[in-house]
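Participant: Just one file: final-v4.cif, with mmCIF, C-alpha atoms.
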data_model
loop_
_atom_site.label_atom_id
_atom_site.label_comp_id
_atom_site.auth_asym_id
_atom_site.auth_seq_id
_atom_site.Cartn_x
_atom_site.Cartn_y
_atom_site.Cartn_z
CA MET A 1 0.00 0.00 0.00
CA SER A 2 1.39 3.46 -0.87
CA ASN A 3 2.14 6.20 1.69
CA HIS A 4 -0.70 8.22 0.22
CA ILE A 5 -3.26 5.49 0.99
CA LYS A 6 -1.93 5.09 4.51
CA ASN A 7 -2.39 8.83 5.01
CA ILE A 8 -6.03 8.58 3.90
CA GLU A 9 -6.78 5.82 6.40
CA LEU A 10 -4.88 7.64 9.14
CA SER A 11 -6.93 10.77 8.53
CA LEU A 12 -10.03 8.94 9.72
CA VAL A 13 -8.69 8.81 13.26
CA LEU A 14 -6.26 11.73 13.53
CA LEU A 15 -6.53 15.46 13.11
CA ALA A 16 -6.63 16.38 9.44
CA THR A 17 -3.47 18.44 9.55
CA ILE A 18 -1.45 15.60 11.10
CA ALA A 19 -2.78 13.15 8.51
CA VAL A 20 -1.70 15.35 5.64
CA LEU A 21 1.78 16.02 6.95
CA ALA A 22 2.75 12.87 8.79
CA GLY A 23 4.41 10.01 6.98
CA CYS A 24 4.45 6.30 7.83
CA GLY A 25 6.88 4.76 10.33
CA ASN A 26 7.82 4.67 13.99
CA LEU A 27 8.33 7.81 16.01
CA GLN A 28 11.95 8.88 15.95
CA ASN A 29 13.68 10.76 18.75
CA SER A 30 15.56 13.94 17.94
CA GLY A 31 16.87 16.92 19.85
CA LEU A 32 15.44 20.25 18.67
CA SER A 33 17.02 23.61 19.30
CA ASP A 34 14.80 26.33 20.67
CA SER A 35 14.08 27.89 17.28
CA GLU A 36 11.32 30.06 18.66
CA SER A 37 13.84 32.10 20.62
CA GLY A 38 16.39 32.05 17.82
CA SER A 39 18.91 30.00 19.78
CA ASN A 40 21.46 27.77 18.06
CA THR A 41 22.05 24.03 18.11
CA ASN A 42 24.26 24.28 21.20
CA SER A 43 21.31 25.44 23.28
CA LYS A 44 19.58 23.22 25.76
CA THR A 45 17.31 20.86 23.82
CA SER A 46 13.86 19.49 24.56
CA ASN A 47 12.50 16.01 23.95
CA TYR A 48 11.34 16.26 20.35
CA GLN A 49 10.39 13.52 17.93
CA ILE A 50 9.35 13.41 14.29
CA THR A 51 6.25 11.54 13.25
CA GLY A 52 8.21 9.14 11.05
CA THR A 53 10.14 8.68 7.86
CA THR A 54 8.45 9.39 4.53
CA ASP A 55 9.11 8.74 0.87
CA GLY A 56 10.33 12.32 0.47
CA THR A 57 7.08 13.68 -0.96
CA GLN A 58 5.43 14.53 2.38
CA TYR A 59 6.77 16.27 5.46
CA SER A 60 7.44 14.60 8.77
CA ALA A 61 5.92 16.68 11.55
CA LEU A 62 7.69 17.49 14.80
CA LEU A 63 6.26 16.36 18.12
CA SER A 64 7.14 18.03 21.41
CA ASN A 65 7.32 15.52 24.28
CA GLY A 66 5.29 13.13 22.19
CA LYS A 67 2.58 15.69 21.40
CA TYR A 68 1.73 17.57 18.22
CA LYS A 69 2.60 21.26 18.59
CA VAL A 70 -0.41 23.25 17.44
CA SER A 71 -0.32 26.64 15.76
CA ALA A 72 -0.09 29.80 17.83
CA THR A 73 -3.19 30.95 15.90
CA ARG A 74 -5.07 27.65 16.20
CA GLY A 75 -8.74 27.98 15.31
CA LEU A 76 -8.36 31.33 13.57
CA LEU A 77 -8.95 29.92 10.07
CA THR A 78 -12.15 28.24 11.21
CA ASP A 79 -13.38 31.46 12.83
CA GLN A 80 -12.62 33.51 9.73
CA ASN A 81 -14.04 31.15 7.11
CA ALA A 82 -17.62 30.27 6.25
CA ASN A 83 -16.41 27.93 3.49
CA LYS A 84 -14.76 24.84 5.01
CA PHE A 85 -13.11 23.98 1.68
CA ASN A 86 -11.06 27.17 1.89
CA ILE A 87 -9.41 25.92 5.06
CA SER A 88 -8.20 22.70 3.46
CA SER A 89 -7.01 24.20 0.18
CA PHE A 90 -5.40 27.21 1.92
CA GLU A 91 -3.34 25.02 4.25
CA GLY A 92 -2.59 22.22 1.80
CA GLY A 93 -1.76 24.62 -1.01
CA LEU A 94 0.77 26.51 1.10
CA THR A 95 2.42 23.24 2.09
CA THR A 96 2.69 22.28 -1.58
CA LEU A 97 4.19 25.67 -2.53
CA SER A 98 6.71 25.32 0.30
CA LYS A 99 8.10 22.05 -1.07
CA THR A 100 9.87 23.95 -3.85
CA GLU A 101 11.96 25.86 -1.31
CA PHE A 102 11.91 23.45 1.65
CA SER A 103 12.37 19.89 0.44
CA PRO A 104 10.57 17.25 2.59
CA LYS A 105 13.75 15.18 2.30
CA LYS A 106 15.60 17.80 4.33
CA TYR A 107 13.02 19.76 6.32
CA ALA A 108 10.46 18.83 8.97
CA PHE A 109 7.14 20.64 9.45
CA GLN A 110 5.82 22.52 12.44
CA GLU A 111 2.73 24.68 12.65
CA GLY A 112 3.42 28.40 12.91
CA GLN A 113 4.80 29.58 16.24
CA HIS A 114 5.91 33.16 15.48
CA ILE A 115 2.65 35.01 14.77
CA SER A 116 0.40 35.00 17.82
CA ARG A 117 -3.37 34.93 17.60
CA THR A 118 -3.56 38.47 18.98
CA THR A 119 -1.10 39.72 16.36
CA ALA A 120 -2.93 37.93 13.55
CA ASN A 121 -6.26 39.40 14.61
CA ASN A 122 -4.75 42.89 14.71
CA TRP A 123 -3.28 42.46 11.24
CA LEU A 124 -6.56 41.15 9.83
CA ALA A 125 -8.53 44.09 11.23
CA ARG A 126 -8.83 47.51 9.65
CA GLN A 127 -6.15 50.10 10.22
CA SER A 128 -7.30 52.68 12.76
CA LYS A 129 -5.98 54.95 15.51
CA SER A 130 -6.49 52.17 18.02
CA ASN A 131 -5.02 49.54 15.66
CA PRO A 132 -2.21 51.03 13.56
CA GLU A 133 -1.02 47.51 12.68
CA GLY A 134 -4.21 46.72 10.75
CA LEU A 135 -3.52 45.64 7.16
CA ASN A 136 -7.02 46.19 5.84
CA PRO A 137 -7.86 49.79 4.82
CA VAL A 138 -9.49 52.30 7.15
CA ASP A 139 -13.26 52.43 7.26
CA ASN A 140 -14.21 55.38 5.02
CA GLY A 141 -17.69 55.52 6.54
CA LYS A 142 -19.46 54.55 3.32
CA THR A 143 -21.81 51.59 3.04
CA ASP A 144 -22.50 51.40 -0.69
CA PRO A 145 -20.90 48.25 -2.22
CA SER A 146 -19.09 50.26 -4.90
CA THR A 147 -17.74 53.09 -2.73
CA ARG A 148 -16.87 51.52 0.65
CA ASN A 149 -13.38 50.27 1.48
CA PRO A 150 -13.73 46.47 1.49
CA ILE A 151 -11.95 43.90 3.63
CA TYR A 152 -9.27 42.56 1.30
CA LEU A 153 -7.34 40.27 3.66
CA GLN A 154 -9.44 37.52 5.22
CA ASP A 155 -6.87 34.99 6.49
CA ILE A 156 -3.23 34.72 7.56
CA LEU A 157 -1.46 31.36 7.83
CA GLU A 158 2.05 30.59 9.07
CA GLN A 159 3.93 27.32 8.59
CA ASP A 160 7.43 26.65 9.97
CA TYR A 161 10.05 24.40 8.39
CA LEU A 162 12.96 23.08 10.44
CA VAL A 163 16.15 21.54 9.15
CA ARG A 164 18.22 18.87 10.84
CA LYS A 165 21.71 19.97 11.82
CA ASP A 166 24.01 17.51 13.57
CA ASN A 167 21.77 15.89 16.20
CA SER A 168 19.15 18.62 16.42
CA TYR A 169 16.75 20.72 14.38
CA GLN A 170 16.68 24.47 13.93
CA LEU A 171 14.37 26.83 12.11
CA GLY A 172 15.25 26.84 8.42
CA GLY A 173 12.36 28.77 6.93
CA VAL A 174 8.82 30.07 7.24
CA ALA A 175 5.89 30.11 4.82
CA ILE A 176 3.18 32.77 5.04
CA GLY A 177 -0.17 32.47 3.27
CA LEU A 178 -2.45 35.48 2.73
CA GLY A 179 -6.10 34.65 2.04
CA MET A 180 -7.56 37.44 -0.12
CA ASN A 181 -11.26 38.06 -0.72
CA LYS A 182 -12.67 38.36 -4.21
CA VAL A 183 -16.06 39.10 -2.63
CA ASP A 184 -16.40 40.88 0.70
CA ASN A 185 -19.68 40.12 2.47
CA TYR A 186 -20.82 42.75 4.95
CA ARG A 187 -23.84 44.17 6.75
CA LYS A 188 -24.83 47.82 6.91
CA GLU A 189 -26.31 47.21 10.35
CA LYS A 190 -26.07 44.47 12.94
CA TYR A 191 -28.20 41.43 11.98
CA GLY A 192 -29.22 43.24 8.81
CA ALA A 193 -29.18 42.06 5.21
CA VAL A 194 -25.88 40.82 3.73
CA TYR A 195 -24.36 42.93 0.96
CA LYS A 196 -21.44 42.12 -1.33
CA THR A 197 -18.51 44.17 -2.55
CA THR A 198 -16.81 42.54 -5.52
CA ILE A 199 -13.03 43.09 -5.57
CA SER A 200 -11.26 43.26 -8.91
CA GLU A 201 -8.35 40.96 -9.69
CA THR A 202 -6.04 43.97 -10.07
CA ALA A 203 -6.99 45.48 -6.69
CA ARG A 204 -6.75 42.10 -4.95
CA GLU A 205 -3.26 41.47 -6.33
CA GLN A 206 -1.98 44.97 -5.55
CA GLN A 207 -3.28 44.84 -1.99
CA ALA A 208 -1.89 41.36 -1.39
CA LYS A 209 1.62 42.22 -2.57
CA SER A 210 1.69 45.41 -0.55
CA MET A 211 0.53 43.57 2.57
CA ALA A 212 3.15 40.85 2.04
CA GLU A 213 5.95 43.43 2.10
CA LYS A 214 4.58 44.98 5.29
CA ILE A 215 4.41 41.55 6.94
CA LEU A 216 7.93 40.72 5.77
CA SER A 217 9.26 43.90 7.36
CA ARG A 218 7.53 43.08 10.63
CA LEU A 219 8.74 39.47 10.68
CA ARG A 220 12.34 40.49 10.02
CA GLN A 221 12.26 42.45 13.28
CA LYS A 222 12.00 39.14 15.17
CA LYS A 223 15.40 37.73 16.11
CA ALA A 224 14.44 34.19 15.08
CA LEU A 225 13.27 35.36 11.63
CA ALA A 226 15.90 37.98 10.83
CA ASN A 227 17.89 35.77 8.46
CA VAL A 228 15.71 32.78 7.54
CA THR A 229 14.09 32.17 4.17
CA ILE A 230 10.44 33.33 4.07
CA VAL A 231 8.04 32.09 1.39
CA PHE A 232 4.84 34.00 0.62
CA GLY A 233 1.77 32.54 -1.07
CA LEU A 234 -1.15 34.73 -2.19
CA TYR A 235 -4.49 32.92 -2.12
CA GLU A 236 -7.84 33.85 -3.64
CA GLN A 237 -10.62 32.73 -1.31
CA GLY A 238 -13.50 30.65 -2.64
CA GLU A 239 -16.85 32.32 -2.05
CA ASP A 240 -18.84 31.35 1.03
CA ASP A 241 -21.37 29.26 -0.89
CA SER A 242 -18.84 27.56 -3.16
CA LEU A 243 -18.55 23.76 -3.16
CA VAL A 244 -14.80 24.04 -3.66
CA GLY A 245 -11.99 26.04 -2.08
CA GLY A 246 -9.96 28.82 -3.63
CA THR A 247 -6.52 28.74 -5.25
CA TYR A 248 -3.11 30.38 -4.97
CA PHE A 249 -2.32 32.96 -7.64
CA ALA A 250 1.20 34.20 -6.78
CA THR A 251 4.25 33.27 -4.73
CA ALA A 252 7.56 34.89 -3.76
CA VAL A 253 10.67 34.02 -1.77
CA SER A 254 12.68 36.35 0.48
CA LYS A 255 16.10 35.01 1.37
CA SER A 256 17.01 38.12 3.36
CA GLY A 257 16.07 41.76 3.78
CA THR A 258 12.66 43.41 3.75
CA ASN A 259 11.99 43.77 0.01
CA ILE A 260 10.35 41.26 -2.33
CA ASP A 261 12.07 41.57 -5.70
CA GLN A 262 10.10 39.05 -7.75
CA TRP A 263 6.64 37.52 -7.75
CA ASN A 264 5.86 34.33 -9.67
CA THR A 265 2.41 33.63 -11.06
CA VAL A 266 0.65 30.44 -9.93
CA ASN A 267 -1.85 29.19 -12.53
CA GLU A 268 -4.45 27.10 -10.70
CA LYS A 269 -8.21 26.65 -10.98
CA ASN A 270 -10.78 24.67 -9.01
CA GLY A 271 -14.19 23.61 -10.23
CA VAL A 272 -17.19 21.44 -9.43
CA LEU A 273 -18.82 18.76 -11.60
CA PRO A 274 -21.48 18.43 -12.81
CA VAL A 275 -21.76 22.10 -13.75
CA VAL A 276 -25.03 23.83 -12.87
CA ASN A 277 -26.89 27.02 -13.69
CA ASN A 278 -25.59 27.05 -17.28
CA GLU A 279 -22.02 27.53 -16.06
CA LYS A 280 -19.19 26.45 -18.34
CA ALA A 281 -16.89 23.60 -17.34
CA ILE A 282 -13.18 24.35 -17.08
CA ASN A 283 -12.59 21.52 -19.57
CA ASP A 284 -15.42 20.01 -21.62
CA GLY A 285 -13.63 16.68 -22.12
CA ASP A 286 -13.12 16.14 -18.39
CA SER A 287 -16.72 17.14 -17.77
CA ASP A 288 -17.96 14.58 -20.32
CA SER A 289 -15.82 11.85 -18.74
CA PHE A 290 -17.29 12.57 -15.32
CA ASP A 291 -20.85 12.64 -16.71
CA ASN A 292 -20.31 9.19 -18.23
CA PHE A 293 -18.95 7.87 -14.93
CA LYS A 294 -21.85 9.40 -13.02
CA SER A 295 -24.44 7.85 -15.36
CA LYS A 296 -22.77 4.46 -15.06
CA VAL A 297 -22.78 4.30 -11.26
CA GLN A 298 -26.30 5.72 -11.05
CA SER A 299 -27.58 2.94 -13.30
CA PHE A 300 -26.32 0.31 -10.83
CA PHE A 301 -27.79 1.47 -7.56
CA PRO A 302 -31.30 2.89 -7.04
CA ASN A 303 -30.63 4.93 -3.90
CA LEU A 304 -27.93 7.37 -4.95
CA SER A 305 -28.49 10.83 -3.48
CA GLY A 306 -25.71 12.52 -5.38
CA VAL A 307 -22.47 12.13 -7.31
CA THR A 308 -20.29 15.25 -7.40
CA ALA A 309 -16.64 16.01 -8.04
CA GLN A 310 -14.12 18.67 -7.18
CA VAL A 311 -11.57 19.15 -9.97
CA HIS A 312 -8.20 20.86 -9.67
CA TYR A 313 -6.26 22.29 -12.63
CA LYS A 314 -2.65 23.39 -12.69
CA ASP A 315 -1.23 25.20 -15.71
CA ASN A 316 -4.52 24.42 -17.52
CA LYS A 317 -4.11 20.66 -17.06
CA LEU A 318 -6.25 18.45 -14.85
CA ALA A 319 -4.14 17.72 -11.75
CA GLY A 320 -6.59 15.94 -9.47
CA MET A 321 -10.19 14.93 -8.84
CA ASN A 322 -12.10 14.24 -5.62
CA ILE A 323 -15.46 12.50 -6.07
CA LYS A 324 -18.15 12.18 -3.43
CA ILE A 325 -20.92 9.60 -3.78
CA THR A 326 -23.76 9.82 -1.29
CA THR A 327 -26.25 6.98 -1.00
CA GLN A 328 -28.22 4.76 1.37
CA PHE A 329 -27.03 1.22 2.06
CA PHE A 330 -28.85 -1.60 3.80
CA GLY A 331 -26.12 -4.24 4.00
CA GLU A 332 -22.39 -4.81 3.77
CA ASN A 333 -22.71 -6.88 0.59
CA GLU A 334 -24.43 -3.94 -1.11
CA ILE A 335 -21.52 -1.70 -0.15
CA ARG A 336 -18.89 -4.17 -1.36
CA SER A 337 -20.65 -4.81 -4.65
CA PHE A 338 -21.18 -1.13 -5.32
CA THR A 339 -17.53 -0.36 -4.48
CA GLN A 340 -16.35 -2.99 -6.96
CA TYR A 341 -18.67 -1.61 -9.62
CA THR A 342 -17.48 1.95 -8.92
CA ASP A 343 -13.89 0.77 -9.33
CA THR A 344 -14.71 -0.65 -12.77
CA ALA A 345 -16.59 2.46 -13.88
CA ALA A 346 -13.85 4.80 -12.63
CA THR A 347 -11.15 2.86 -14.47
CA GLN A 348 -13.21 2.89 -17.65
CA TYR A 349 -14.49 6.46 -17.75
CA LEU A 350 -12.40 8.81 -15.60
CA PRO A 351 -9.27 10.56 -16.93
CA ALA A 352 -6.08 8.50 -16.68
CA GLY A 353 -2.79 9.47 -15.07
CA ILE A 354 -4.08 11.85 -12.39
CA PRO A 355 -4.68 11.29 -8.66
CA ILE A 356 -8.33 10.52 -7.91
CA GLU A 357 -10.06 10.00 -4.57
CA ILE A 358 -13.61 8.64 -4.36
CA THR A 359 -15.54 8.49 -1.09
CA ILE A 360 -18.78 6.53 -0.75
CA SER A 361 -20.87 7.73 2.18
CA SER A 362 -24.29 7.41 3.73
CA VAL A 363 -26.01 9.23 6.57
CA GLU A 364 -24.03 6.97 8.90
CA GLY A 365 -20.70 8.24 7.58
CA MET A 366 -18.08 6.98 5.14
CA GLN A 367 -18.73 3.44 3.96
CA ALA A 368 -15.89 2.95 1.47
CA PHE A 369 -13.20 4.77 -0.44
CA LEU A 370 -11.18 4.34 -3.60
CA ASN A 371 -7.86 5.95 -4.43
CA ARG A 372 -5.49 6.11 -7.36
CA ASP A 373 -2.15 7.89 -7.13
CA SER A 374 -0.72 9.95 -9.96
CA GLY A 375 0.55 7.67 -12.72
CA ASP A 376 -1.10 4.52 -11.35
CA LYS A 377 -3.46 2.49 -13.54
CA THR A 378 -5.53 0.79 -10.86
CA PHE A 379 -7.48 1.96 -7.82
CA TYR A 380 -6.92 0.89 -4.24
CA THR A 381 -10.29 0.17 -2.60
CA HIS A 382 -11.34 -0.24 0.99
CA VAL A 383 -14.74 -1.01 2.51
CA PHE A 384 -15.17 -0.21 6.20
CA GLY A 385 -16.43 -3.16 8.23
CA SER A 386 -17.81 -3.58 11.71
CA TYR A 387 -17.95 -6.27 14.38
#
Can you dump the structure from the file as structure tokens?
Facilitator:
Amino acid sequence: MSNHIKNIELSLVLLATIAVLAGCGNLQNSGLSDSESGSNTNSKTSNYQITGTTDGTQYSALLSNGKYKVSATRGLLTDQNANKFNISSFEGGLTTLSKTEFSPKKYAFQEGQHISRTTANNWLARQSKSNPEGLNPVDNGKTDPSTRNPIYLQDILEQDYLVRKDNSYQLGGVAIGLGMNKVDNYRKEKYGAVYKTTISETAREQQAKSMAEKILSRLRQKKALANVTIVFGLYEQGEDDSLVGGTYFATAVSKSGTNIDQWNTVNEKNGVLPVVNNEKAINDGDSDSFDNFKSKVQSFFPNLSGVTAQVHYKDNKLAGMNIKITTQFFGENEIRSFTQYTDTAATQYLPAGIPIEITISSVEGMQAFLNRDSGDKTFYTHVFGSY
């Protein structure tokens, strides 16, 4: 079984973040220098472990005294986001961007420890006399959608990457994600109607890059971050009612100093299948393939409530697909038979060569899943049993 499949099964019993980042293997002891205070490897070390060895494509996470070290801003993303898919794609996307600069073969992962929840909340708020650190523009007192100053920055995410040196780890780099609104929902009065300010792509990009430079300058004032590599990822939030999360649209790397000299465009798109409300699919061929798969599985079982897919494109090419099948089962043999049939239909109709995850669920929870890694020809299937 591949590491990717083990991660999927592990995610059913562990926190989602640990499941994404942790590899397979026994816990391994390692001394870790106190990177939060900027001390070196000769400093007094604590009892740290990594979650295990990996195949080099996923990060091992650091444990402190056998426990996962949570983010200093834990819970902030959930508080700030009405769309749960944004949380997953925001975090996972930043981890993926970070791999270019911080190889999982060399670096271990730790949730952000340098931006406190209080600091993050101040940065996310509007600039004002009482909050000069606010990154969002001052309230101009207007309430019309086209004339008010919107909230551009919705989320801030920090991830830390530590590198092994001799018999210990020390901070090697930091990744910062900025979640930018393309639509700002607001109320003119408490409990009143919700209004929307649409933010142009140009304004969103300009604001994001300006905010990134301000954050960089502030982070460089911290002793622990004065000379480490800092990666920035700019993320466009999915709208609150979207069935898919947003995507990153730009990234930059600061090796030193307080200026960002170059931004690189990230070309990603997310979509949902089947398309509704006369919307156009990102790729007609992929949409047709999914429709054929959907028709095939619906012809087998009479109690399907829905078959939907999230599709992810990178550089205009399909890079992944997550399919959710919701139904009602009355026996384990029904589940097993339907899973086998879904495997056959997926192999026959869905695009080849890309990673695909298929979950089969009922009101009682997940009943089965299928997975195919990138480049594989066959699906791994698993049906959950009970005693």
Participant: Name all residues at most 9 Å from segment 87-89 of chain A (count only C-alpha atoms; drop same-chain ones fewer than 6 positions away) and give them as a list in words.
Facilitator: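 Residues meeting the cut-off are Ala16, Thr17, Leu77, Thr78, Asn81, Val244, Gly245, Gly246, Thr247 and Tyr248 of chain A.
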Participant: For the provided coordinates, the residues matched by the PyMOL selection byres ((chain A and resi 159) around 6) should be stated as a ChimeraX atom specification.
Facilitator: /A:111-112,158,160,174-175
Participant: Evaluate the PyMOL selection byres ((chain A and resi 210) around 12) on the structure here and hand back the selected residues as a compact mmCIF listing (two decimals) with C-alpha atoms, keeping the file's coordinate frame.
Facilitator:
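For reference, out.txt as written:
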# COMPACT_ATOMS: atom_id res chain seq x y z
CA LEU A 135 -3.52 45.64 7.16
CA ASN A 136 -7.02 46.19 5.84
CA PRO A 137 -7.86 49.79 4.82
CA TYR A 152 -9.27 42.56 1.30
CA LEU A 153 -7.34 40.27 3.66
CA LEU A 178 -2.45 35.48 2.73
CA ALA A 203 -6.99 45.48 -6.69
CA ARG A 204 -6.75 42.10 -4.95
CA GLU A 205 -3.26 41.47 -6.33
CA GLN A 206 -1.98 44.97 -5.55
CA GLN A 207 -3.28 44.84 -1.99
CA ALA A 208 -1.89 41.36 -1.39
CA LYS A 209 1.62 42.22 -2.57
CA MET A 211 0.53 43.57 2.57
CA ALA A 212 3.15 40.85 2.04
CA GLU A 213 5.95 43.43 2.10
CA LYS A 214 4.58 44.98 5.29
CA ILE A 215 4.41 41.55 6.94
CA LEU A 216 7.93 40.72 5.77
CA SER A 217 9.26 43.90 7.36
CA PHE A 232 4.84 34.00 0.62
CA LEU A 234 -1.15 34.73 -2.19
CA THR A 258 12.66 43.41 3.75
CA ASN A 259 11.99 43.77 0.01
CA ILE A 260 10.35 41.26 -2.33
CA TRP A 263 6.64 37.52 -7.75
Participant: Would you kindly return, as a list in words, each protein, DNA or RNA residue with an atom no farther than 9 Å from any atom of Pro145 of chain A, considering all atoms listed in the file and excluding same-chain residues fewer than 2 positions away?
Facilitator: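 My list of contacting residues is Lys142, Thr143, Thr147, Arg148, Asn149, Pro150, Tyr195, Lys196, Thr197 and Thr198 of chain A.
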Participant: Any idea what's packed within 7 Å of Ala345 of chain A, counting all atoms listed in the file, ignoring anything in its chain fewer than 6 positions away? Could you give it as a ChimeraX atom specification?
Facilitator: /A:293,296-297
Participant: For Ser289 of chain A, work out the shell of residues within 8 Å, counting all atoms listed in the file and skipping chain neighbours fewer than 2 positions away, then give it as a ChimeraX atom specification.
Facilitator: /A:285-287,291-293,349-351
Participant: Applying the PyMOL selection byres ((chain A and resi 323) around 12) to the file I just gave you, which residues come out? Please list them as an MDAnalysis selection string.
Facilitator: chainID A and resid 244 271:274 290:291 293:294 306:312 320:322 324:326 342 346 350 355:361 369:372
Participant: Which value, in Å to one decimal, gives the distance between atom CA of Glu91 of chain A and atom CA of Val266 of chain A?
Facilitator: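 Atom-to-atom, atom CA of Glu91 of chain A to atom CA of Val266 of chain A, that is 15.7 Å.
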Participant: Find the distance between atom CA of Thr327 of chain A and atom CA of Ser299 of chain A and write it in Å to one decimal.
Facilitator: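 Taking atom CA of Thr327 of chain A as the start and atom CA of Ser299 of chain A as the end point, the length is 13.0 Å.
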Participant: Could you tell me how far atom CA of Asp184 of chain A lies from atom CA of Ile151 of chain A, in Å and to one decimal?
Facilitator: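 Here the two named atoms are 6.1 Å from each other.
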Participant: Between A:Gly75, A:Gly192, A:Pro132, A:Gly141, which is the closest to Asp155 of chain A once you count only C-alpha atoms?
Facilitator: A:Gly75
Participant: Extract segment 167-183 of chain A from the structure I just pasted (atoms: N, CA and C atoms) and return it as a PDB file, in the first residue's frame.
Facilitator:
ATOM      1  N   ASN A 167      22.763  16.737  15.519  1.00  0.00           N
ATOM      2  CA  ASN A 167      21.766  15.892  16.201  1.00  0.00           C
ATOM      3  C   ASN A 167      20.548  16.685  16.652  1.00  0.00           C
ATOM      4  N   SER A 168      20.292  17.802  16.010  1.00  0.00           N
ATOM      5  CA  SER A 168      19.155  18.625  16.420  1.00  0.00           C
ATOM      6  C   SER A 168      18.519  19.274  15.202  1.00  0.00           C
ATOM      7  N   TYR A 169      17.434  19.975  15.433  1.00  0.00           N
ATOM      8  CA  TYR A 169      16.749  20.722  14.384  1.00  0.00           C
ATOM      9  C   TYR A 169      16.778  22.209  14.727  1.00  0.00           C
ATOM     10  N   GLN A 170      16.815  23.030  13.709  1.00  0.00           N
ATOM     11  CA  GLN A 170      16.684  24.466  13.928  1.00  0.00           C
ATOM     12  C   GLN A 170      15.831  25.053  12.808  1.00  0.00           C
ATOM     13  N   LEU A 171      15.260  26.208  13.076  1.00  0.00           N
ATOM     14  CA  LEU A 171      14.372  26.831  12.110  1.00  0.00           C
ATOM     15  C   LEU A 171      15.127  27.130  10.825  1.00  0.00           C
ATOM     16  N   GLY A 172      14.608  26.618   9.715  1.00  0.00           N
ATOM     17  CA  GLY A 172      15.246  26.838   8.424  1.00  0.00           C
ATOM     18  C   GLY A 172      14.463  27.754   7.513  1.00  0.00           C
ATOM     19  N   GLY A 173      13.172  27.912   7.785  1.00  0.00           N
ATOM     20  CA  GLY A 173      12.362  28.771   6.933  1.00  0.00           C
ATOM     21  C   GLY A 173      10.925  28.842   7.404  1.00  0.00           C
ATOM     22  N   VAL A 174      10.211  29.820   6.870  1.00  0.00           N
ATOM     23  CA  VAL A 174       8.816  30.067   7.236  1.00  0.00           C
ATOM     24  C   VAL A 174       8.021  30.310   5.954  1.00  0.00           C
ATOM     25  N   ALA A 175       6.804  29.820   5.928  1.00  0.00           N
ATOM     26  CA  ALA A 175       5.893  30.110   4.823  1.00  0.00           C
ATOM     27  C   ALA A 175       4.698  30.879   5.362  1.00  0.00           C
ATOM     28  N   ILE A 176       4.311  31.921   4.649  1.00  0.00           N
ATOM     29  CA  ILE A 176       3.181  32.770   5.040  1.00  0.00           C
ATOM     30  C   ILE A 176       2.153  32.776   3.917  1.00  0.00           C
ATOM     31  N   GLY A 177       0.920  32.414   4.236  1.00  0.00           N
ATOM     32  CA  GLY A 177      -0.172  32.472   3.273  1.00  0.00           C
ATOM     33  C   GLY A 177      -1.099  33.629   3.592  1.00  0.00           C
ATOM     34  N   LEU A 178      -1.488  34.378   2.562  1.00  0.00           N
ATOM     35  CA  LEU A 178      -2.447  35.478   2.730  1.00  0.00           C
ATOM     36  C   LEU A 178      -3.712  35.140   1.950  1.00  0.00           C
ATOM     37  N   GLY A 179      -4.812  34.974   2.657  1.00  0.00           N
ATOM     38  CA  GLY A 179      -6.095  34.654   2.036  1.00  0.00           C
ATOM     39  C   GLY A 179      -6.841  35.923   1.673  1.00  0.00           C
ATOM     40  N   MET A 180      -6.970  36.197   0.371  1.00  0.00           N
ATOM     41  CA  MET A 180      -7.559  37.443  -0.125  1.00  0.00           C
ATOM     42  C   MET A 180      -8.985  37.221  -0.633  1.00  0.00           C
ATOM     43  N   ASN A 181      -9.867  38.137  -0.260  1.00  0.00           N
ATOM     44  CA  ASN A 181     -11.259  38.062  -0.721  1.00  0.00           C
ATOM     45  C   ASN A 181     -11.391  38.515  -2.166  1.00  0.00           C
ATOM     46  N   LYS A 182     -12.227  37.824  -2.925  1.00  0.00           N
ATOM     47  CA  LYS A 182     -12.665  38.363  -4.207  1.00  0.00           C
ATOM     48  C   LYS A 182     -14.076  38.926  -4.075  1.00  0.00           C
ATOM     49  N   VAL A 183     -14.769  38.518  -3.002  1.00  0.00           N
ATOM     50  CA  VAL A 183     -16.059  39.105  -2.632  1.00  0.00           C
ATOM     51  C   VAL A 183     -16.051  39.328  -1.130  1.00  0.00           C
TER      52      VAL A 183
END
